[in-house]
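Listing of target-v1.cif; format and content: mmCIF, C-alpha atoms and all ligand atoms.
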```
data_run
#
loop_
_atom_site.label_atom_id
_atom_site.label_comp_id
_atom_site.auth_asym_id
_atom_site.auth_seq_id
_atom_site.Cartn_x
_atom_site.Cartn_y
_atom_site.Cartn_z
CA MET A 28 -29.46 -5.93 4.15
CA LEU A 29 -27.81 -2.62 4.95
CA ARG A 30 -30.21 0.21 5.74
CA PRO A 31 -30.16 3.63 7.46
CA ILE A 32 -30.72 3.50 11.21
CA THR A 33 -33.98 4.83 12.65
CA PRO A 34 -34.95 5.96 16.18
CA ALA A 35 -36.63 2.57 16.64
CA ASP A 36 -33.18 0.92 16.41
CA THR A 37 -31.65 2.82 19.33
CA ASP A 38 -32.40 0.31 22.11
CA VAL A 39 -31.26 -2.60 19.93
CA LEU A 40 -28.01 -0.87 18.94
CA VAL A 41 -27.25 0.08 22.55
CA GLU A 42 -27.92 -3.50 23.67
CA LEU A 43 -25.84 -5.03 20.87
CA THR A 44 -22.96 -2.70 21.78
CA ASP A 45 -23.22 -3.47 25.49
CA GLU A 46 -23.34 -7.23 24.83
CA THR A 47 -20.03 -7.18 22.95
CA GLY A 48 -18.43 -6.68 26.38
CA PHE A 49 -16.00 -4.17 24.91
CA PHE A 50 -17.43 -0.89 26.07
CA LYS A 51 -17.59 0.79 29.47
CA PRO A 52 -21.09 1.70 30.77
CA MET A 53 -20.25 5.37 30.22
CA GLU A 54 -19.42 4.67 26.56
CA VAL A 55 -22.65 2.74 26.04
CA GLU A 56 -24.64 5.65 27.48
CA THR A 57 -22.72 8.02 25.21
CA LEU A 58 -23.82 5.93 22.25
CA ARG A 59 -27.44 6.48 23.22
CA GLU A 60 -26.83 10.25 23.32
CA VAL A 61 -25.02 10.12 19.98
CA LEU A 62 -27.95 8.30 18.36
CA ASP A 63 -30.52 10.67 19.90
CA ASP A 64 -28.52 13.68 18.67
CA TYR A 65 -28.20 12.07 15.25
CA HIS A 66 -31.94 11.66 14.80
CA ALA A 67 -32.65 15.11 16.29
CA VAL A 68 -30.11 17.18 14.38
CA ASN A 69 -26.82 15.61 13.30
CA HIS A 70 -28.23 13.85 10.24
CA ILE A 71 -28.53 17.37 8.82
CA HIS A 72 -24.74 17.75 9.22
CA ASN A 73 -24.15 14.62 7.15
CA HIS A 74 -23.54 12.25 10.05
CA ARG A 75 -24.33 8.74 8.78
CA GLY A 76 -25.63 5.64 10.51
CA PHE A 77 -26.37 2.25 8.92
CA ALA A 78 -27.42 -1.09 10.34
CA TRP A 79 -26.96 -4.56 8.88
CA GLU A 80 -30.20 -6.51 9.31
CA GLU A 81 -30.86 -10.18 8.58
CA GLY A 82 -34.15 -11.96 9.20
CA GLY A 83 -35.45 -8.95 11.11
CA LYS A 84 -32.43 -8.94 13.44
CA VAL A 85 -29.77 -6.21 13.55
CA LEU A 86 -26.34 -7.88 13.49
CA GLY A 87 -24.06 -4.86 13.21
CA TYR A 88 -23.90 -1.14 12.58
CA VAL A 89 -21.66 1.80 11.75
CA TYR A 90 -21.81 5.49 12.61
CA TYR A 91 -19.51 8.01 10.96
CA ALA A 92 -19.27 11.71 10.18
CA PRO A 93 -17.13 14.40 8.56
CA ALA A 94 -14.48 15.86 10.88
CA ALA A 95 -15.14 19.55 11.52
CA MET A 96 -12.57 22.09 10.27
CA THR A 97 -10.87 19.64 7.92
CA ASP A 98 -10.79 19.22 4.16
CA ARG A 99 -12.92 16.07 3.69
CA THR A 100 -11.53 14.02 6.55
CA TRP A 101 -14.04 11.67 8.18
CA TYR A 102 -14.27 9.81 11.46
CA LEU A 103 -15.72 6.36 12.01
CA TYR A 104 -17.09 6.86 15.50
CA TRP A 105 -18.80 3.52 16.07
CA ILE A 106 -18.64 0.06 14.60
CA ALA A 107 -19.89 -3.09 16.29
CA VAL A 108 -20.95 -6.58 15.27
CA SER A 109 -23.14 -8.71 17.54
CA LYS A 110 -21.15 -11.08 19.71
CA ASP A 111 -22.43 -14.24 17.96
CA THR A 112 -21.67 -12.88 14.49
CA GLN A 113 -18.12 -11.65 15.03
CA GLY A 114 -15.27 -13.12 13.00
CA GLN A 115 -17.46 -13.96 9.98
CA GLY A 116 -16.60 -10.99 7.79
CA LEU A 117 -19.49 -8.64 8.59
CA GLY A 118 -17.21 -6.02 10.17
CA GLY A 119 -15.09 -6.00 7.01
CA ARG A 120 -18.15 -5.60 4.81
CA LEU A 121 -19.35 -2.71 6.96
CA LEU A 122 -15.95 -1.03 6.68
CA GLU A 123 -15.93 -1.42 2.91
CA PHE A 124 -19.39 0.13 2.72
CA VAL A 125 -18.31 3.09 4.86
CA GLU A 126 -15.20 3.65 2.72
CA GLN A 127 -17.20 3.56 -0.52
CA ASP A 128 -19.89 5.85 0.87
CA ILE A 129 -17.28 8.40 1.97
CA ARG A 130 -15.48 8.09 -1.36
CA ASP A 131 -18.76 8.70 -3.21
CA GLN A 132 -19.10 11.95 -1.30
CA GLY A 133 -15.61 13.10 -2.22
CA GLY A 134 -14.11 12.14 1.15
CA ARG A 135 -10.36 11.84 1.42
CA LEU A 136 -9.18 10.41 4.71
CA LEU A 137 -10.90 8.13 7.24
CA LEU A 138 -9.76 8.06 10.89
CA ILE A 139 -10.72 5.60 13.60
CA GLU A 140 -9.87 5.91 17.27
CA THR A 141 -9.55 3.01 19.66
CA SER A 142 -7.86 1.98 22.87
CA SER A 143 -4.29 0.72 23.32
CA THR A 144 -5.20 -1.84 26.01
CA PRO A 145 -4.72 -5.61 25.49
CA HIS A 146 -8.52 -5.97 25.60
CA TYR A 147 -8.71 -4.13 22.26
CA GLU A 148 -5.97 -6.15 20.58
CA PRO A 149 -8.49 -8.03 18.33
CA THR A 150 -10.03 -4.70 17.36
CA ARG A 151 -6.63 -3.27 16.40
CA ARG A 152 -5.91 -6.45 14.38
CA PHE A 153 -9.22 -5.93 12.60
CA TYR A 154 -8.26 -2.44 11.39
CA LEU A 155 -4.79 -3.58 10.31
CA LYS A 156 -6.31 -6.54 8.43
CA TYR A 157 -8.51 -4.18 6.42
CA GLY A 158 -5.66 -1.90 5.37
CA TYR A 159 -5.62 0.76 8.08
CA THR A 160 -2.34 2.29 9.22
CA LEU A 161 -1.41 3.11 12.77
CA ALA A 162 -1.25 6.91 12.58
CA ALA A 163 -0.96 8.00 16.21
CA ASN A 164 -0.56 6.64 19.69
CA ILE A 165 -1.11 8.85 22.74
CA PRO A 166 -0.26 7.01 25.95
CA ASP A 167 -2.57 7.44 28.98
CA TYR A 168 -5.18 9.39 26.95
CA TYR A 169 -8.36 7.65 28.20
CA ALA A 170 -6.85 6.82 31.58
CA ASP A 171 -3.48 5.86 33.00
CA GLY A 172 -2.45 2.74 31.10
CA ASP A 173 -5.22 3.23 28.51
CA GLY A 174 -3.88 5.12 25.53
CA LEU A 175 -5.51 6.46 22.39
CA VAL A 176 -4.64 4.70 19.13
CA VAL A 177 -5.63 6.32 15.85
CA PHE A 178 -5.86 4.33 12.62
CA SER A 179 -6.10 5.99 9.22
CA LYS A 180 -6.83 5.04 5.65
CA ARG A 181 -6.93 7.11 2.49
CA VAL A 182 -10.24 6.50 0.79
CA GLY A 183 -9.95 9.22 -1.83
CA ARG A 184 -7.32 10.17 -4.35
CA MET A 185 -4.46 12.34 -3.13
CA VAL A 186 -4.25 15.65 -4.97
CA VAL A 187 -1.00 17.52 -4.44
CA VAL A 188 -1.08 21.17 -5.52
C1 LIG B 1 -14.16 -5.22 15.70
C2 LIG B 1 -15.39 -5.79 14.99
C3 LIG B 1 -16.28 -4.64 14.50
C4 LIG B 1 -14.90 -6.59 13.78
O1 LIG B 1 -16.01 -7.14 13.10
P1 LIG B 1 -15.99 -8.72 12.70
O2 LIG B 1 -17.17 -8.99 11.88
O3 LIG B 1 -15.79 -9.49 13.96
O4 LIG B 1 -14.63 -8.77 11.83
P2 LIG B 1 -14.35 -9.59 10.47
O5 LIG B 1 -14.94 -10.94 10.60
O6 LIG B 1 -14.71 -8.76 9.30
O7 LIG B 1 -12.78 -9.64 10.50
C5 LIG B 1 -12.14 -10.58 11.30
C6 LIG B 1 -10.80 -10.04 11.71
O8 LIG B 1 -10.99 -9.05 12.71
C7 LIG B 1 -10.21 -9.37 13.87
N1 LIG B 1 -11.17 -9.57 14.95
C8 LIG B 1 -11.51 -8.60 15.84
N2 LIG B 1 -12.42 -9.03 16.70
C9 LIG B 1 -12.69 -10.32 16.38
C10 LIG B 1 -13.55 -11.29 16.96
N3 LIG B 1 -14.30 -11.03 18.03
N4 LIG B 1 -13.60 -12.50 16.37
C11 LIG B 1 -12.83 -12.78 15.31
N5 LIG B 1 -11.99 -11.89 14.74
C12 LIG B 1 -11.91 -10.67 15.27
C13 LIG B 1 -9.32 -10.51 13.50
O9 LIG B 1 -8.07 -9.95 13.11
C14 LIG B 1 -9.98 -11.16 12.31
O10 LIG B 1 -9.09 -11.55 11.31
P3 LIG B 1 -8.24 -12.92 11.42
O11 LIG B 1 -9.21 -13.96 11.86
O12 LIG B 1 -7.71 -13.10 10.04
O13 LIG B 1 -7.19 -12.59 12.44
C15 LIG B 1 -16.22 -6.73 15.91
O14 LIG B 1 -15.45 -7.85 16.25
C16 LIG B 1 -16.72 -6.06 17.16
O15 LIG B 1 -17.84 -5.56 17.18
N6 LIG B 1 -15.91 -6.07 18.22
C17 LIG B 1 -16.32 -5.47 19.49
C18 LIG B 1 -16.56 -4.00 19.41
C19 LIG B 1 -15.37 -3.19 18.91
O16 LIG B 1 -14.22 -3.45 19.22
N7 LIG B 1 -15.69 -2.17 18.11
C20 LIG B 1 -14.72 -1.23 17.62
C21 LIG B 1 -14.41 -0.23 18.66
S1 LIG B 1 -13.16 0.91 18.15
#
```

Can the structure from this file be put into structure tokens for me?
Ligand SMILES: CC(C)(COP(=O)(O)OP(=O)(O)OC[C@H]1O[C@@H](n2cnc3c(N)ncnc32)[C@H](O)[C@@H]1OP(=O)(O)O)[C@@H](O)C(=O)NCCC(=O)NCCS
Amino acid sequence: MLRPITPADTDVLVELTDETGFFKPMEVETLREVLDDYHAVNHIHNHRGFAWEEGGKVLGYVYYAPAAMTDRTWYLYWIAVSKDTQGQGLGGRLLEFVEQDIRDQGGRLLLIETSSTPHYEPTRRFYLKYGYTLAANIPDYYADGDGLVVFSKRVGRMVVV
């Protein structure tokens, strides 16, 4: 069952994210701040957070928001599936939900940032598998040898004036 996240989920989401083994401690702490800010104020600015729960256990989540100063571009800031559930299609279902939700709100373009390191190769394959295009690559962005990779997908109709 997909449902909006609540403040009571924060510890679970932080733990799930940490346990994937993909994120640096600093990034995991940032997630906690992002979730706190979301519940305090950012939900008013149409930030969106949803968790997939089965049998009372959260197995994955997404967090996304409109990009400021753009015409209906959105960012998927966080997506993670619990370590034991990965590779069974849940990430794809979460992505499809996000795309439909953004589309329903008139959104146009969805961007996702990730790392260029070999560690994130499965993550990059995941975005390519679900129809995302490699839109940008900035070497050494996060750190020397750790570049920024941006994936994009059109979720809304293109209107050329
Ligand atoms: C990336 C992630 C959200 C994908 O969710 P998922 O449920 O594992 O993905 P799905 O089962 O829907 O899709 C599987 C595809 O994703 C890729 N993939 C990425 N990570 C994978 C993993 N751990 N296990 C299996 N496949 C994985 C593969 O390309 C696979 O397709 P293939 O088997 O045909 O090659 C999830 O693996 C995850 O949480 N990873 C760690 C955190 C992370 O990288 N988050 C994104 C940060 S930008």

May I ask you to write as a short mmCIF file (atom, residue, chain, number, x, y, z; two decimals) with C-alpha atoms, in the coordinates of the input all residues lying at most 8 Å from ligand LIG 1 (chain B), with all atoms listed in the file counted?
```cif
data_model
loop_
_atom_site.label_atom_id
_atom_site.label_comp_id
_atom_site.auth_asym_id
_atom_site.auth_seq_id
_atom_site.Cartn_x
_atom_site.Cartn_y
_atom_site.Cartn_z
CA THR A 44 -22.96 -2.70 21.78
CA THR A 47 -20.03 -7.18 22.95
CA GLY A 48 -18.43 -6.68 26.38
CA PHE A 49 -16.00 -4.17 24.91
CA PHE A 50 -17.43 -0.89 26.07
CA GLY A 87 -24.06 -4.86 13.21
CA TYR A 104 -17.09 6.86 15.50
CA TRP A 105 -18.80 3.52 16.07
CA ILE A 106 -18.64 0.06 14.60
CA ALA A 107 -19.89 -3.09 16.29
CA VAL A 108 -20.95 -6.58 15.27
CA SER A 109 -23.14 -8.71 17.54
CA LYS A 110 -21.15 -11.08 19.71
CA THR A 112 -21.67 -12.88 14.49
CA GLN A 113 -18.12 -11.65 15.03
CA GLY A 114 -15.27 -13.12 13.00
CA GLN A 115 -17.46 -13.96 9.98
CA GLY A 116 -16.60 -10.99 7.79
CA LEU A 117 -19.49 -8.64 8.59
CA GLY A 118 -17.21 -6.02 10.17
CA GLY A 119 -15.09 -6.00 7.01
CA ARG A 120 -18.15 -5.60 4.81
CA LEU A 121 -19.35 -2.71 6.96
CA ILE A 139 -10.72 5.60 13.60
CA GLU A 140 -9.87 5.91 17.27
CA THR A 141 -9.55 3.01 19.66
CA SER A 142 -7.86 1.98 22.87
CA TYR A 147 -8.71 -4.13 22.26
CA GLU A 148 -5.97 -6.15 20.58
CA PRO A 149 -8.49 -8.03 18.33
CA THR A 150 -10.03 -4.70 17.36
CA ARG A 151 -6.63 -3.27 16.40
CA ARG A 152 -5.91 -6.45 14.38
CA PHE A 153 -9.22 -5.93 12.60
CA TYR A 154 -8.26 -2.44 11.39
CA LEU A 155 -4.79 -3.58 10.31
CA LYS A 156 -6.31 -6.54 8.43
#
```

Shortest contact to Asp173 (chain A), candidates A:Asn73, A:Thr160, A:Ser143, A:Thr97, atoms counted only C-alpha atoms, goes to A:Ser143

As a check of understanding: the span from CA of His146 (chain A) to CA of Glu123 (chain A) is 24.3 Å

In Å, with one decimal, what is the gap from CA of Asp45 (chain A) to CA of Val177 (chain A)?
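If I compute the distance from CA of Asp45 (chain A) to CA of Val177 (chain A), I get 22.3 Å.
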
Exercise. Quick one: of A:Glu60, A:Phe77, A:Gly172, A:Ala67, who's nearest to Ile32 (chain A), counting all atoms listed in the file?
Worked result: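 Using all atoms listed in the file, the shortest distance to Ile32 (chain A) belongs to A:Phe77.
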
- Task: Have a look at CA of Val85 (chain A) and CA of Val176 (chain A) and let me know their distance in Å, one decimal.
- Result: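 Pair CA of Val85 (chain A) / CA of Val176 (chain A) returns 28.0 Å.
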
### Message
I want to know what sits within 9 Å of Gln132 (chain A), based on all atoms listed in the file, with residues of the same chain fewer than 4 positions away left out; could you give that as a list in words?
### Response
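The residues that qualify are Arg99, Gln127 and Asp128 of chain A.
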
With 4 Å added on each side, what axis-aligned box encloses every listed atom of region 114-122 of chain A? Give the centre and edge lengths in Å to one decimal, as JSON.
```
{"center_x": -17.3, "center_y": -7.5, "center_z": 8.9, "size_x": 12.4, "size_y": 20.9, "size_z": 16.2}
```

Which of A:Val187, A:Leu62, A:Leu43, A:Val182 sits closest to Asp131 (chain A) [using all atoms listed in the file] =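 Of all the options, A:Val182 lies closest to Asp131 (chain A).
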
From the list A:Val186, A:Gly134, A:Val41, A:Pro93, the nearest residue to Glu56 (chain A) using all atoms listed in the file is A:Val41

Show me as a PDB file with C-alpha atoms, in the coordinates of the input the residues that reach within 12 Å of (-32.0, -7.5, 10.5), counting all atoms listed in the file and using the file's own coordinates.
```
ATOM      1  CA  MET A  28     -29.460  -5.930   4.150  1.00  0.00           C
ATOM      2  CA  LEU A  29     -27.810  -2.620   4.950  1.00  0.00           C
ATOM      3  CA  ARG A  30     -30.210   0.210   5.740  1.00  0.00           C
ATOM      4  CA  PRO A  31     -30.160   3.630   7.460  1.00  0.00           C
ATOM      5  CA  ILE A  32     -30.720   3.500  11.210  1.00  0.00           C
ATOM      6  CA  ASP A  36     -33.180   0.920  16.410  1.00  0.00           C
ATOM      7  CA  VAL A  39     -31.260  -2.600  19.930  1.00  0.00           C
ATOM      8  CA  LEU A  40     -28.010  -0.870  18.940  1.00  0.00           C
ATOM      9  CA  PHE A  77     -26.370   2.250   8.920  1.00  0.00           C
ATOM     10  CA  ALA A  78     -27.420  -1.090  10.340  1.00  0.00           C
ATOM     11  CA  TRP A  79     -26.960  -4.560   8.880  1.00  0.00           C
ATOM     12  CA  GLU A  80     -30.200  -6.510   9.310  1.00  0.00           C
ATOM     13  CA  GLU A  81     -30.860 -10.180   8.580  1.00  0.00           C
ATOM     14  CA  GLY A  82     -34.150 -11.960   9.200  1.00  0.00           C
ATOM     15  CA  GLY A  83     -35.450  -8.950  11.110  1.00  0.00           C
ATOM     16  CA  LYS A  84     -32.430  -8.940  13.440  1.00  0.00           C
ATOM     17  CA  VAL A  85     -29.770  -6.210  13.550  1.00  0.00           C
ATOM     18  CA  LEU A  86     -26.340  -7.880  13.490  1.00  0.00           C
ATOM     19  CA  GLY A  87     -24.060  -4.860  13.210  1.00  0.00           C
ATOM     20  CA  TYR A  88     -23.900  -1.140  12.580  1.00  0.00           C
ATOM     21  CA  SER A 109     -23.140  -8.710  17.540  1.00  0.00           C
TER      22      SER A 109
END
```

What does region 124-142 of chain A look like written to a file with N, CA and C atoms, as a short mmCIF file (atom, residue, chain, number, x, y, z; two decimals), in the first residue's frame?
```cif
data_model
loop_
_atom_site.label_atom_id
_atom_site.label_comp_id
_atom_site.auth_asym_id
_atom_site.auth_seq_id
_atom_site.Cartn_x
_atom_site.Cartn_y
_atom_site.Cartn_z
N PHE A 124 4.51 5.64 -10.08
CA PHE A 124 3.59 6.43 -9.27
C PHE A 124 3.99 7.90 -9.28
N VAL A 125 5.27 8.15 -9.08
CA VAL A 125 5.77 9.54 -9.05
C VAL A 125 5.46 10.23 -10.38
N GLU A 126 5.75 9.54 -11.48
CA GLU A 126 5.52 10.13 -12.80
C GLU A 126 4.05 10.47 -13.00
N GLN A 127 3.17 9.56 -12.60
CA GLN A 127 1.73 9.79 -12.78
C GLN A 127 1.26 10.94 -11.89
N ASP A 128 1.76 10.97 -10.67
CA ASP A 128 1.37 12.02 -9.73
C ASP A 128 1.79 13.40 -10.27
N ILE A 129 2.99 13.47 -10.81
CA ILE A 129 3.49 14.74 -11.36
C ILE A 129 2.68 15.12 -12.60
N ARG A 130 2.42 14.12 -13.42
CA ARG A 130 1.60 14.34 -14.63
C ARG A 130 0.22 14.88 -14.24
N ASP A 131 -0.38 14.29 -13.22
CA ASP A 131 -1.72 14.71 -12.78
C ASP A 131 -1.73 16.17 -12.33
N GLN A 132 -0.57 16.65 -11.91
CA GLN A 132 -0.48 18.04 -11.46
C GLN A 132 0.03 18.97 -12.55
N GLY A 133 0.06 18.46 -13.78
CA GLY A 133 0.47 19.29 -14.91
C GLY A 133 1.98 19.36 -15.08
N GLY A 134 2.73 18.54 -14.35
CA GLY A 134 4.19 18.58 -14.45
C GLY A 134 4.67 18.17 -15.83
N ARG A 135 5.86 18.56 -16.16
CA ARG A 135 6.37 18.46 -17.51
C ARG A 135 7.61 17.57 -17.58
N LEU A 136 8.58 17.90 -16.73
CA LEU A 136 9.88 17.25 -16.83
C LEU A 136 10.30 16.78 -15.44
N LEU A 137 10.84 15.55 -15.37
CA LEU A 137 11.31 15.02 -14.08
C LEU A 137 12.82 14.78 -14.17
N LEU A 138 13.55 15.34 -13.21
CA LEU A 138 15.01 15.19 -13.16
C LEU A 138 15.41 14.39 -11.92
N ILE A 139 16.47 13.61 -12.08
CA ILE A 139 17.00 12.83 -10.96
C ILE A 139 18.52 12.93 -10.99
N GLU A 140 19.09 13.26 -9.85
CA GLU A 140 20.54 13.36 -9.77
C GLU A 140 21.11 12.13 -9.07
N THR A 141 22.25 11.67 -9.56
CA THR A 141 22.94 10.60 -8.84
C THR A 141 24.43 10.72 -9.10
N SER A 142 25.16 9.74 -8.58
CA SER A 142 26.62 9.81 -8.64
C SER A 142 27.15 9.01 -9.84
#
```
